[in-house]
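Trainee: One file: upload_2.cif (mmCIF, C-alpha atoms).
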data_run
loop_
_atom_site.label_atom_id
_atom_site.label_comp_id
_atom_site.auth_asym_id
_atom_site.auth_seq_id
_atom_site.Cartn_x
_atom_site.Cartn_y
_atom_site.Cartn_z
CA ASP A 1 22.97 -29.65 38.15
CA THR A 2 22.86 -30.85 34.57
CA ALA A 3 23.56 -27.97 32.20
CA VAL A 4 21.67 -29.35 29.18
CA SER A 5 19.12 -32.08 29.79
CA GLN A 6 16.99 -34.09 27.41
CA THR A 7 14.00 -36.35 27.95
CA PRO A 8 13.48 -39.13 27.28
CA LYS A 9 16.86 -40.83 27.03
CA TYR A 10 15.41 -43.70 25.01
CA LEU A 11 12.34 -43.67 22.79
CA VAL A 12 10.99 -46.70 20.97
CA THR A 13 7.95 -46.21 18.80
CA GLN A 14 6.21 -47.49 15.69
CA MET A 15 6.13 -46.02 12.22
CA GLY A 16 3.49 -43.39 11.73
CA ASN A 17 3.41 -42.23 15.33
CA ASP A 18 4.04 -38.68 16.50
CA LYS A 19 6.58 -38.07 19.27
CA SER A 20 8.34 -35.25 21.06
CA ILE A 21 11.74 -34.86 22.66
CA LYS A 22 12.27 -32.20 25.27
CA CYS A 23 15.39 -30.15 25.93
CA GLU A 24 16.18 -27.72 28.69
CA GLN A 25 19.30 -25.69 29.45
CA ASN A 26 20.04 -23.86 32.69
CA LEU A 27 23.08 -21.97 31.39
CA GLY A 28 21.27 -18.80 30.41
CA HIS A 29 22.37 -19.25 26.79
CA ASP A 30 20.71 -17.43 23.92
CA THR A 31 21.03 -20.13 21.27
CA MET A 32 19.88 -23.74 21.23
CA TYR A 33 20.29 -26.46 18.60
CA TRP A 34 19.05 -29.86 17.55
CA TYR A 35 21.36 -32.39 15.90
CA LYS A 36 20.79 -35.84 14.43
CA GLN A 37 23.59 -38.40 14.72
CA ASP A 38 23.32 -41.45 12.48
CA SER A 39 24.72 -44.92 13.02
CA LYS A 40 28.06 -43.85 11.50
CA LYS A 41 28.40 -41.06 14.07
CA PHE A 42 27.84 -38.37 11.44
CA LEU A 43 26.32 -35.25 13.01
CA LYS A 44 23.83 -33.16 11.10
CA ILE A 45 22.54 -29.87 12.42
CA MET A 46 18.79 -29.70 12.10
CA PHE A 47 17.74 -26.46 13.72
CA SER A 48 18.98 -23.63 15.84
CA TYR A 49 17.00 -21.05 17.78
CA ASN A 50 18.25 -17.70 18.97
CA ASN A 51 15.95 -15.93 21.38
CA LYS A 52 13.03 -17.95 20.02
CA GLU A 53 13.83 -17.07 16.42
CA LEU A 54 14.65 -19.87 14.00
CA ILE A 55 18.05 -19.17 12.48
CA ILE A 56 19.09 -22.34 10.72
CA ASN A 57 16.63 -24.69 9.17
CA GLU A 58 18.59 -27.29 7.28
CA THR A 59 17.00 -29.48 4.62
CA VAL A 60 15.08 -31.63 7.05
CA PRO A 61 11.58 -32.93 6.35
CA ASN A 62 8.78 -30.71 7.55
CA ARG A 63 7.65 -33.61 9.72
CA PHE A 64 10.23 -32.24 12.14
CA SER A 65 9.33 -29.05 13.94
CA PRO A 66 11.17 -27.28 16.74
CA LYS A 67 9.16 -25.48 19.38
CA SER A 68 10.63 -23.09 21.91
CA PRO A 69 8.26 -21.97 24.70
CA ASP A 70 11.03 -19.86 26.22
CA LYS A 71 14.77 -19.25 25.96
CA ALA A 72 15.63 -22.21 28.18
CA HIS A 73 13.66 -24.83 26.24
CA LEU A 74 13.75 -26.17 22.70
CA ASN A 75 11.55 -29.19 22.05
CA LEU A 76 11.56 -31.32 18.92
CA HIS A 77 8.30 -32.65 17.53
CA ILE A 78 8.31 -35.38 14.93
CA ASN A 79 5.18 -36.35 13.02
CA SER A 80 4.52 -39.54 11.07
CA LEU A 81 7.73 -41.23 12.16
CA GLU A 82 9.64 -43.27 9.57
CA LEU A 83 12.25 -46.00 9.91
CA GLY A 84 14.93 -43.61 8.68
CA ASP A 85 14.30 -41.32 11.63
CA SER A 86 15.99 -43.85 13.91
CA ALA A 87 19.08 -42.09 15.27
CA VAL A 88 20.43 -40.33 18.31
CA TYR A 89 19.18 -36.77 18.66
CA PHE A 90 21.25 -34.23 20.55
CA CYS A 91 20.23 -30.90 21.94
CA ALA A 92 22.88 -28.24 22.51
CA SER A 93 23.12 -24.64 23.62
CA SER A 94 25.67 -21.84 23.22
CA PRO A 95 26.03 -18.34 24.61
CA TYR A 96 25.70 -16.87 21.12
CA GLU A 97 25.43 -18.20 17.61
CA GLY A 98 28.83 -19.50 16.50
CA TYR A 99 30.32 -19.93 19.96
CA GLU A 100 31.17 -23.18 21.69
CA GLN A 101 28.27 -25.50 22.34
CA TYR A 102 27.20 -27.53 25.35
CA PHE A 103 25.51 -30.79 24.50
CA GLY A 104 22.84 -32.82 26.19
CA PRO A 105 23.25 -36.57 26.74
CA GLY A 106 21.20 -37.50 23.69
CA THR A 107 17.93 -39.29 22.97
CA ARG A 108 18.14 -42.60 21.17
CA LEU A 109 15.09 -42.90 18.94
CA THR A 110 14.21 -46.28 17.49
CA VAL A 111 11.37 -46.54 15.01
CA THR A 112 10.04 -50.04 14.38
CA ALA B 1 32.41 -22.50 0.76
CA GLN B 2 32.98 -23.58 4.31
CA SER B 3 34.06 -27.17 4.97
CA VAL B 4 35.99 -29.34 7.39
CA THR B 5 37.83 -32.59 6.69
CA GLN B 6 39.05 -35.03 9.29
CA LEU B 7 41.72 -36.93 7.48
CA ASP B 8 41.52 -40.17 9.47
CA SER B 9 38.35 -42.04 10.33
CA HIS B 10 40.21 -44.22 12.83
CA VAL B 11 43.46 -43.74 14.73
CA SER B 12 44.96 -46.38 17.01
CA VAL B 13 47.88 -45.67 19.35
CA SER B 14 49.49 -47.39 22.29
CA GLU B 15 48.95 -46.07 25.79
CA GLY B 16 51.66 -43.56 26.67
CA THR B 17 52.46 -42.63 23.06
CA PRO B 18 51.57 -39.34 21.33
CA VAL B 19 48.21 -38.72 19.71
CA LEU B 20 47.68 -36.80 16.47
CA LEU B 21 44.19 -36.27 15.03
CA ARG B 22 44.21 -34.29 11.82
CA CYS B 23 41.73 -31.66 10.71
CA ASN B 24 41.76 -29.39 7.66
CA TYR B 25 39.25 -26.67 6.99
CA SER B 26 38.24 -24.18 4.37
CA SER B 27 36.59 -20.89 5.12
CA SER B 28 35.98 -17.61 3.37
CA TYR B 29 36.37 -15.65 6.58
CA SER B 30 38.32 -15.91 9.81
CA PRO B 31 36.75 -18.98 11.33
CA SER B 32 36.37 -20.23 14.85
CA LEU B 33 37.52 -23.82 15.26
CA PHE B 34 36.61 -26.35 17.90
CA TRP B 35 37.39 -29.90 18.92
CA TYR B 36 34.76 -31.96 20.70
CA VAL B 37 35.05 -35.42 22.23
CA GLN B 38 32.26 -37.99 22.46
CA HIS B 39 32.71 -40.98 24.73
CA PRO B 40 30.56 -44.04 24.04
CA ASN B 41 26.85 -43.42 24.62
CA LYS B 42 27.52 -39.88 25.81
CA GLY B 43 26.96 -36.37 24.53
CA LEU B 44 29.71 -34.23 23.04
CA GLN B 45 32.06 -32.29 25.28
CA LEU B 46 34.15 -29.29 24.25
CA LEU B 47 37.88 -30.05 24.33
CA LEU B 48 39.20 -26.72 23.12
CA LYS B 49 38.47 -23.77 20.85
CA TYR B 50 40.30 -21.29 18.65
CA THR B 51 38.74 -17.86 18.21
CA SER B 52 41.50 -15.70 16.61
CA ALA B 53 43.59 -15.30 19.75
CA ALA B 54 46.67 -17.45 20.39
CA THR B 55 47.29 -19.97 17.62
CA LEU B 56 48.30 -22.68 20.07
CA VAL B 57 45.28 -23.61 22.10
CA LYS B 58 45.33 -25.74 25.23
CA GLY B 59 42.31 -27.73 26.20
CA ILE B 60 41.16 -30.16 28.82
CA ASN B 61 42.74 -33.53 29.60
CA GLY B 62 46.14 -32.53 28.22
CA PHE B 63 45.00 -31.95 24.64
CA GLU B 64 46.12 -29.03 22.54
CA ALA B 65 45.71 -27.85 18.96
CA GLU B 66 47.57 -25.44 16.72
CA PHE B 67 45.83 -23.19 14.23
CA LYS B 68 47.94 -22.93 11.06
CA LYS B 69 46.35 -20.54 8.63
CA SER B 70 48.91 -21.21 5.88
CA GLU B 71 48.09 -24.92 5.98
CA THR B 72 44.40 -24.44 6.83
CA SER B 73 44.85 -27.01 9.58
CA PHE B 74 43.81 -27.41 13.18
CA HIS B 75 45.32 -30.71 14.28
CA LEU B 76 44.67 -32.08 17.77
CA THR B 77 47.57 -33.51 19.76
CA LYS B 78 48.35 -35.02 23.12
CA PRO B 79 51.85 -36.01 24.27
CA SER B 80 50.85 -39.23 26.01
CA ALA B 81 47.66 -41.20 25.40
CA HIS B 82 45.63 -42.60 28.24
CA MET B 83 43.11 -45.41 28.05
CA SER B 84 40.35 -42.96 28.95
CA ASP B 85 41.06 -41.00 25.75
CA ALA B 86 39.38 -43.71 23.67
CA ALA B 87 36.44 -41.90 22.09
CA GLU B 88 35.14 -40.19 18.94
CA TYR B 89 36.61 -36.77 18.18
CA PHE B 90 34.97 -34.08 16.05
CA CYS B 91 36.57 -31.04 14.47
CA VAL B 92 34.12 -28.16 13.95
CA VAL B 93 34.39 -24.91 12.03
CA SER B 94 32.12 -21.96 12.69
CA GLU B 95 32.05 -18.91 10.51
CA GLY B 96 30.63 -15.70 11.95
CA TYR B 97 28.79 -14.73 15.10
CA SER B 98 25.44 -13.74 13.76
CA SER B 99 22.31 -15.16 12.33
CA ALA B 100 24.32 -15.81 9.16
CA SER B 101 26.86 -18.01 10.92
CA LYS B 102 27.42 -21.55 9.72
CA ILE B 103 28.53 -24.48 11.82
CA ILE B 104 30.06 -27.49 10.10
CA PHE B 105 31.05 -30.72 11.85
CA GLY B 106 33.73 -33.04 10.56
CA SER B 107 32.91 -36.68 10.04
CA GLY B 108 34.71 -37.72 13.21
CA THR B 109 37.83 -39.68 14.10
CA ARG B 110 37.60 -42.72 16.33
CA LEU B 111 40.59 -42.93 18.66
CA SER B 112 41.49 -46.36 20.01
CA ILE B 113 44.11 -46.88 22.70
CA ARG B 114 46.08 -50.14 22.87
CA PRO B 115 47.23 -51.28 26.32
#
As structure tokens, how would this structure be written, given the file I've shared?
Mentor:
Amino acid sequence: DTAVSQTPKYLVTQMGNDKSIKCEQNLGHDTMYWYKQDSKKFLKIMFSYNNKELIINETVPNRFSPKSPDKAHLNLHINSLELGDSAVYFCASSPYEGYEQYFGPGTRLTVT
Amino acid sequence: AQSVTQLDSHVSVSEGTPVLLRCNYSSSYSPSLFWYVQHPNKGLQLLLKYTSAATLVKGINGFEAEFKKSETSFHLTKPSAHMSDAAEYFCVVSEGYSSASKIIFGSGTRLSIRP
């Protein structure tokens, strides 16, 4: 069984659209994260959730909003997509904040 | 302020020779340090972690790293490179285990293996 899964794997959409990426972990972890990886492989943490409480909210546009229906899921909603949002988005989970993380396979978002 | 610097953006070695990927960090507290590997078009996988126990940490696939507080370093090594080691490697520092913890990723080092 996949520990951290993301859907979809690829997402191609036009500017201005609204899209969501889903993430699920079956590890029983308390903390989940969203990262953005740009074309130069640089990883930027966007959000983390601990027991459905937002802990880290980096300086990302408010067009991005994380939503956690339960401890096993952390979805990422993006409104009014822009060209600069094109990147690979990774979901991750960890037993507790600050511990090692387990990453999903990534979602490659392309905005045209 | 917390930071992590990977000193080489690209390292190329021959198969069977040693690997050294360098990482320096700064932290106000006793940090936890991690190395992750990312193979092409894949997610990141934990290689090893240091969490204030033994300073020499052994990880998967023959990798190890040594925490040197005096040098603020956490370099990743492997005695003999294999073609399958070609990937992107990230050094990560984490400070604290609470809602105030910070996680900082290095900029990555691309490891190439020559046949």
Trainee: Can you find the residues with an atom no farther than 8 Å from (11.5, -47.2, 10.8), counting all atoms listed in the file, and report them as a ChimeraX atom specification?
Mentor: /A:14-15,81-86,110-112
Trainee: Written as number ranges by chain, which residues does the PyMOL selection byres ((chain B) within 10 of (chain A)) give for the file shown?
Mentor: B: 31-36, 38, 41-51, 88, 90, 92-110
Trainee: Mind pulling up the distance from atom CA of Ser39 of chain A to atom CA of Gln25 of chain A?
Mentor: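 Those two atoms sit 25.9 Å apart.
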Trainee: Report the distance between atom CA of Val12 of chain A and atom CA of His73 of chain A in Å, rounded to one decimal place.
Mentor: 22.7 Å
Trainee: List the neighbours of Asp70 of chain A out to 12 Å using all atoms listed in the file; skip same-chain residues closer than 5 positions along the sequence, and give me the result as a PyMOL selection string.
Mentor: chain A and resi 23-26+28-32+49-53+75
Trainee: Please, what distance in Å, to one decimal, runs between atom CA of Phe47 of chain A and atom CA of His77 of chain A?
Mentor: 11.9 Å
Trainee: Can you list, as a list in words, every protein, DNA or RNA residue that comes within 8 Å of Phe63 of chain B when you count all atoms listed in the file, leaving out same-chain residues fewer than 2 positions away?
Mentor: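 Within the cut-off, the hits are Leu47, Leu48, Lys58, Gly59, Ile60, Asn61, Ala65, Leu76, Thr77, Lys78 and Pro79 of chain B.
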Trainee: Find the residue from B:Ser112, B:Thr55, B:Gln2, B:Ser27 that sits nearest to His75 of chain B; use only C-alpha atoms when measuring.
Mentor: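 The shortest atom-to-atom distance to His75 of chain B comes from B:Thr55.
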Trainee: What does the PyMOL selection byres ((chain A and resi 63) around 7) select in this file, as a ChimeraX atom specification?
Mentor: /A:61-62,64-65,78-80
Trainee: Which residues match the PyMOL selection byres ((chain B and resi 7-14) around 10) in the file above, as a PDB file with C-alpha atoms, keeping the file's coordinate frame?
Mentor:
ATOM      1  CA  VAL B   4      35.990 -29.340   7.390  1.00  0.00           C
ATOM      2  CA  THR B   5      37.830 -32.590   6.690  1.00  0.00           C
ATOM      3  CA  GLN B   6      39.050 -35.030   9.290  1.00  0.00           C
ATOM      4  CA  GLU B  15      48.950 -46.070  25.790  1.00  0.00           C
ATOM      5  CA  GLY B  16      51.660 -43.560  26.670  1.00  0.00           C
ATOM      6  CA  THR B  17      52.460 -42.630  23.060  1.00  0.00           C
ATOM      7  CA  PRO B  18      51.570 -39.340  21.330  1.00  0.00           C
ATOM      8  CA  VAL B  19      48.210 -38.720  19.710  1.00  0.00           C
ATOM      9  CA  LEU B  20      47.680 -36.800  16.470  1.00  0.00           C
ATOM     10  CA  LEU B  21      44.190 -36.270  15.030  1.00  0.00           C
ATOM     11  CA  ARG B  22      44.210 -34.290  11.820  1.00  0.00           C
ATOM     12  CA  CYS B  23      41.730 -31.660  10.710  1.00  0.00           C
ATOM     13  CA  ASN B  24      41.760 -29.390   7.660  1.00  0.00           C
ATOM     14  CA  HIS B  75      45.320 -30.710  14.280  1.00  0.00           C
ATOM     15  CA  SER B  80      50.850 -39.230  26.010  1.00  0.00           C
ATOM     16  CA  ALA B  81      47.660 -41.200  25.400  1.00  0.00           C
ATOM     17  CA  HIS B  82      45.630 -42.600  28.240  1.00  0.00           C
ATOM     18  CA  MET B  83      43.110 -45.410  28.050  1.00  0.00           C
ATOM     19  CA  ALA B  86      39.380 -43.710  23.670  1.00  0.00           C
ATOM     20  CA  GLU B  88      35.140 -40.190  18.940  1.00  0.00           C
ATOM     21  CA  TYR B  89      36.610 -36.770  18.180  1.00  0.00           C
ATOM     22  CA  GLY B 106      33.730 -33.040  10.560  1.00  0.00           C
ATOM     23  CA  SER B 107      32.910 -36.680  10.040  1.00  0.00           C
ATOM     24  CA  GLY B 108      34.710 -37.720  13.210  1.00  0.00           C
ATOM     25  CA  THR B 109      37.830 -39.680  14.100  1.00  0.00           C
ATOM     26  CA  ARG B 110      37.600 -42.720  16.330  1.00  0.00           C
ATOM     27  CA  LEU B 111      40.590 -42.930  18.660  1.00  0.00           C
ATOM     28  CA  SER B 112      41.490 -46.360  20.010  1.00  0.00           C
ATOM     29  CA  ILE B 113      44.110 -46.880  22.700  1.00  0.00           C
ATOM     30  CA  ARG B 114      46.080 -50.140  22.870  1.00  0.00           C
ATOM     31  CA  PRO B 115      47.230 -51.280  26.320  1.00  0.00           C
TER      32      PRO B 115
END
Trainee: Restrict the output to chain B and C-alpha atoms, then write it as a PDB file, in the first residue's frame.
Mentor:
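Contents of out-v1.pdb, freshly written:
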ATOM      1  CA  ALA B   1      18.597  32.264  12.309  1.00  0.00           C
ATOM      2  CA  GLN B   2      18.273  28.768  11.001  1.00  0.00           C
ATOM      3  CA  SER B   3      19.784  27.952   7.601  1.00  0.00           C
ATOM      4  CA  VAL B   4      21.287  25.131   5.575  1.00  0.00           C
ATOM      5  CA  THR B   5      23.847  25.352   2.770  1.00  0.00           C
ATOM      6  CA  GLN B   6      24.681  22.603   0.338  1.00  0.00           C
ATOM      7  CA  LEU B   7      28.092  23.569  -0.889  1.00  0.00           C
ATOM      8  CA  ASP B   8      27.941  21.876  -4.293  1.00  0.00           C
ATOM      9  CA  SER B   9      25.088  22.122  -6.754  1.00  0.00           C
ATOM     10  CA  HIS B  10      26.500  19.257  -8.819  1.00  0.00           C
ATOM     11  CA  VAL B  11      28.874  16.423  -7.979  1.00  0.00           C
ATOM     12  CA  SER B  12      30.110  13.897 -10.528  1.00  0.00           C
ATOM     13  CA  VAL B  13      32.001  10.731  -9.562  1.00  0.00           C
ATOM     14  CA  SER B  14      32.958   7.508 -11.256  1.00  0.00           C
ATOM     15  CA  GLU B  15      31.157   4.306 -10.400  1.00  0.00           C
ATOM     16  CA  GLY B  16      32.935   2.522  -7.553  1.00  0.00           C
ATOM     17  CA  THR B  17      34.580   5.665  -6.152  1.00  0.00           C
ATOM     18  CA  PRO B  18      33.628   7.453  -2.914  1.00  0.00           C
ATOM     19  CA  VAL B  19      30.848  10.006  -2.725  1.00  0.00           C
ATOM     20  CA  LEU B  20      30.950  13.172  -0.614  1.00  0.00           C
ATOM     21  CA  LEU B  21      28.016  15.610  -0.561  1.00  0.00           C
ATOM     22  CA  ARG B  22      28.613  18.568   1.700  1.00  0.00           C
ATOM     23  CA  CYS B  23      26.108  20.291   3.962  1.00  0.00           C
ATOM     24  CA  ASN B  24      26.610  23.079   6.496  1.00  0.00           C
ATOM     25  CA  TYR B  25      23.935  24.390   8.785  1.00  0.00           C
ATOM     26  CA  SER B  26      23.293  27.091  11.313  1.00  0.00           C
ATOM     27  CA  SER B  27      20.879  26.760  14.183  1.00  0.00           C
ATOM     28  CA  SER B  28      20.197  28.483  17.462  1.00  0.00           C
ATOM     29  CA  TYR B  29      19.229  25.238  19.133  1.00  0.00           C
ATOM     30  CA  SER B  30      20.139  21.574  18.898  1.00  0.00           C
ATOM     31  CA  PRO B  31      18.812  20.738  15.470  1.00  0.00           C
ATOM     32  CA  SER B  32      17.650  17.568  13.835  1.00  0.00           C
ATOM     33  CA  LEU B  33      19.292  16.960  10.476  1.00  0.00           C
ATOM     34  CA  PHE B  34      18.149  14.841   7.574  1.00  0.00           C
ATOM     35  CA  TRP B  35      19.263  13.778   4.133  1.00  0.00           C
ATOM     36  CA  TYR B  36      16.673  12.990   1.485  1.00  0.00           C
ATOM     37  CA  VAL B  37      17.163  11.588  -2.003  1.00  0.00           C
ATOM     38  CA  GLN B  38      14.989  12.341  -5.026  1.00  0.00           C
ATOM     39  CA  HIS B  39      15.309  10.164  -8.099  1.00  0.00           C
ATOM     40  CA  PRO B  40      14.095  11.610 -11.403  1.00  0.00           C
ATOM     41  CA  ASN B  41      10.339  12.187 -11.491  1.00  0.00           C
ATOM     42  CA  LYS B  42       9.925  10.715  -8.023  1.00  0.00           C
ATOM     43  CA  GLY B  43       9.097  11.961  -4.556  1.00  0.00           C
ATOM     44  CA  LEU B  44      11.698  12.433  -1.844  1.00  0.00           C
ATOM     45  CA  GLN B  45      12.854   9.491   0.248  1.00  0.00           C
ATOM     46  CA  LEU B  46      14.532   9.696   3.647  1.00  0.00           C
ATOM     47  CA  LEU B  47      18.137   8.496   3.537  1.00  0.00           C
ATOM     48  CA  LEU B  48      19.086   9.094   7.148  1.00  0.00           C
ATOM     49  CA  LYS B  49      18.508  11.363  10.142  1.00  0.00           C
ATOM     50  CA  TYR B  50      20.395  12.778  13.099  1.00  0.00           C
ATOM     51  CA  THR B  51      18.397  13.543  16.233  1.00  0.00           C
ATOM     52  CA  SER B  52      21.037  14.117  18.989  1.00  0.00           C
ATOM     53  CA  ALA B  53      21.977  10.462  19.432  1.00  0.00           C
ATOM     54  CA  ALA B  54      25.083   8.989  17.787  1.00  0.00           C
ATOM     55  CA  THR B  55      26.977  11.528  15.703  1.00  0.00           C
ATOM     56  CA  LEU B  56      27.716   8.997  12.974  1.00  0.00           C
ATOM     57  CA  VAL B  57      24.464   8.046  11.343  1.00  0.00           C
ATOM     58  CA  LYS B  58      23.997   5.141   8.962  1.00  0.00           C
ATOM     59  CA  GLY B  59      21.265   5.242   6.387  1.00  0.00           C
ATOM     60  CA  ILE B  60      19.886   3.212   3.555  1.00  0.00           C
ATOM     61  CA  ASN B  61      21.781   2.115   0.446  1.00  0.00           C
ATOM     62  CA  GLY B  62      25.176   2.324   2.152  1.00  0.00           C
ATOM     63  CA  PHE B  63      25.066   6.055   2.869  1.00  0.00           C
ATOM     64  CA  GLU B  64      26.171   7.588   6.136  1.00  0.00           C
ATOM     65  CA  ALA B  65      26.628  11.066   7.568  1.00  0.00           C
ATOM     66  CA  GLU B  66      28.565  12.514  10.473  1.00  0.00           C
ATOM     67  CA  PHE B  67      27.244  15.328  12.621  1.00  0.00           C
ATOM     68  CA  LYS B  68      30.111  17.671  13.552  1.00  0.00           C
ATOM     69  CA  LYS B  69      28.894  20.379  15.857  1.00  0.00           C
ATOM     70  CA  SER B  70      32.234  22.218  15.915  1.00  0.00           C
ATOM     71  CA  GLU B  71      32.155  22.521  12.133  1.00  0.00           C
ATOM     72  CA  THR B  72      28.358  22.846  11.876  1.00  0.00           C
ATOM     73  CA  SER B  73      28.462  20.205   9.171  1.00  0.00           C
ATOM     74  CA  PHE B  74      26.492  17.128   8.248  1.00  0.00           C
ATOM     75  CA  HIS B  75      28.216  15.739   5.159  1.00  0.00           C
ATOM     76  CA  LEU B  76      26.834  12.688   3.362  1.00  0.00           C
ATOM     77  CA  THR B  77      29.229   9.953   2.272  1.00  0.00           C
ATOM     78  CA  LYS B  78      29.250   6.577   0.592  1.00  0.00           C
ATOM     79  CA  PRO B  79      32.363   4.440   0.111  1.00  0.00           C
ATOM     80  CA  SER B  80      31.536   3.227  -3.387  1.00  0.00           C
ATOM     81  CA  ALA B  81      29.128   4.880  -5.809  1.00  0.00           C
ATOM     82  CA  HIS B  82      26.647   2.876  -7.811  1.00  0.00           C
ATOM     83  CA  MET B  83      24.895   3.952 -10.984  1.00  0.00           C
ATOM     84  CA  SER B  84      21.570   3.856  -9.144  1.00  0.00           C
ATOM     85  CA  ASP B  85      22.809   6.593  -6.784  1.00  0.00           C
ATOM     86  CA  ALA B  86      22.390   9.199  -9.521  1.00  0.00           C
ATOM     87  CA  ALA B  87      19.760  11.544  -8.109  1.00  0.00           C
ATOM     88  CA  GLU B  88      19.157  14.872  -6.345  1.00  0.00           C
ATOM     89  CA  TYR B  89      20.088  14.997  -2.663  1.00  0.00           C
ATOM     90  CA  PHE B  90      18.671  17.419  -0.103  1.00  0.00           C
ATOM     91  CA  CYS B  91      20.043  18.300   3.310  1.00  0.00           C
ATOM     92  CA  VAL B  92      17.353  19.437   5.766  1.00  0.00           C
ATOM     93  CA  VAL B  93      17.546  21.055   9.179  1.00  0.00           C
ATOM     94  CA  SER B  94      14.658  21.011  11.617  1.00  0.00           C
ATOM     95  CA  GLU B  95      14.647  22.981  14.810  1.00  0.00           C
ATOM     96  CA  GLY B  96      12.272  21.928  17.568  1.00  0.00           C
ATOM     97  CA  TYR B  97       9.420  19.466  17.889  1.00  0.00           C
ATOM     98  CA  SER B  98       6.499  21.747  18.421  1.00  0.00           C
ATOM     99  CA  SER B  99       4.279  24.140  16.624  1.00  0.00           C
ATOM    100  CA  ALA B 100       7.223  26.544  16.651  1.00  0.00           C
ATOM    101  CA  SER B 101       9.507  24.175  14.757  1.00  0.00           C
ATOM    102  CA  LYS B 102      11.071  25.281  11.499  1.00  0.00           C
ATOM    103  CA  ILE B 103      12.054  23.059   8.617  1.00  0.00           C
ATOM    104  CA  ILE B 104      14.583  24.333   6.098  1.00  0.00           C
ATOM    105  CA  PHE B 105      15.608  22.492   2.926  1.00  0.00           C
ATOM    106  CA  GLY B 106      18.955  22.981   1.244  1.00  0.00           C
ATOM    107  CA  SER B 107      19.043  23.877  -2.417  1.00  0.00           C
ATOM    108  CA  GLY B 108      19.979  20.344  -3.438  1.00  0.00           C
ATOM    109  CA  THR B 109      23.016  18.609  -4.906  1.00  0.00           C
ATOM    110  CA  ARG B 110      22.723  16.687  -8.139  1.00  0.00           C
ATOM    111  CA  LEU B 111      24.861  13.554  -8.058  1.00  0.00           C
ATOM    112  CA  SER B 112      25.967  12.121 -11.397  1.00  0.00           C
ATOM    113  CA  ILE B 113      27.718   8.774 -11.723  1.00  0.00           C
ATOM    114  CA  ARG B 114      30.138   8.136 -14.593  1.00  0.00           C
ATOM    115  CA  PRO B 115      30.400   4.541 -15.854  1.00  0.00           C
TER     116      PRO B 115
END
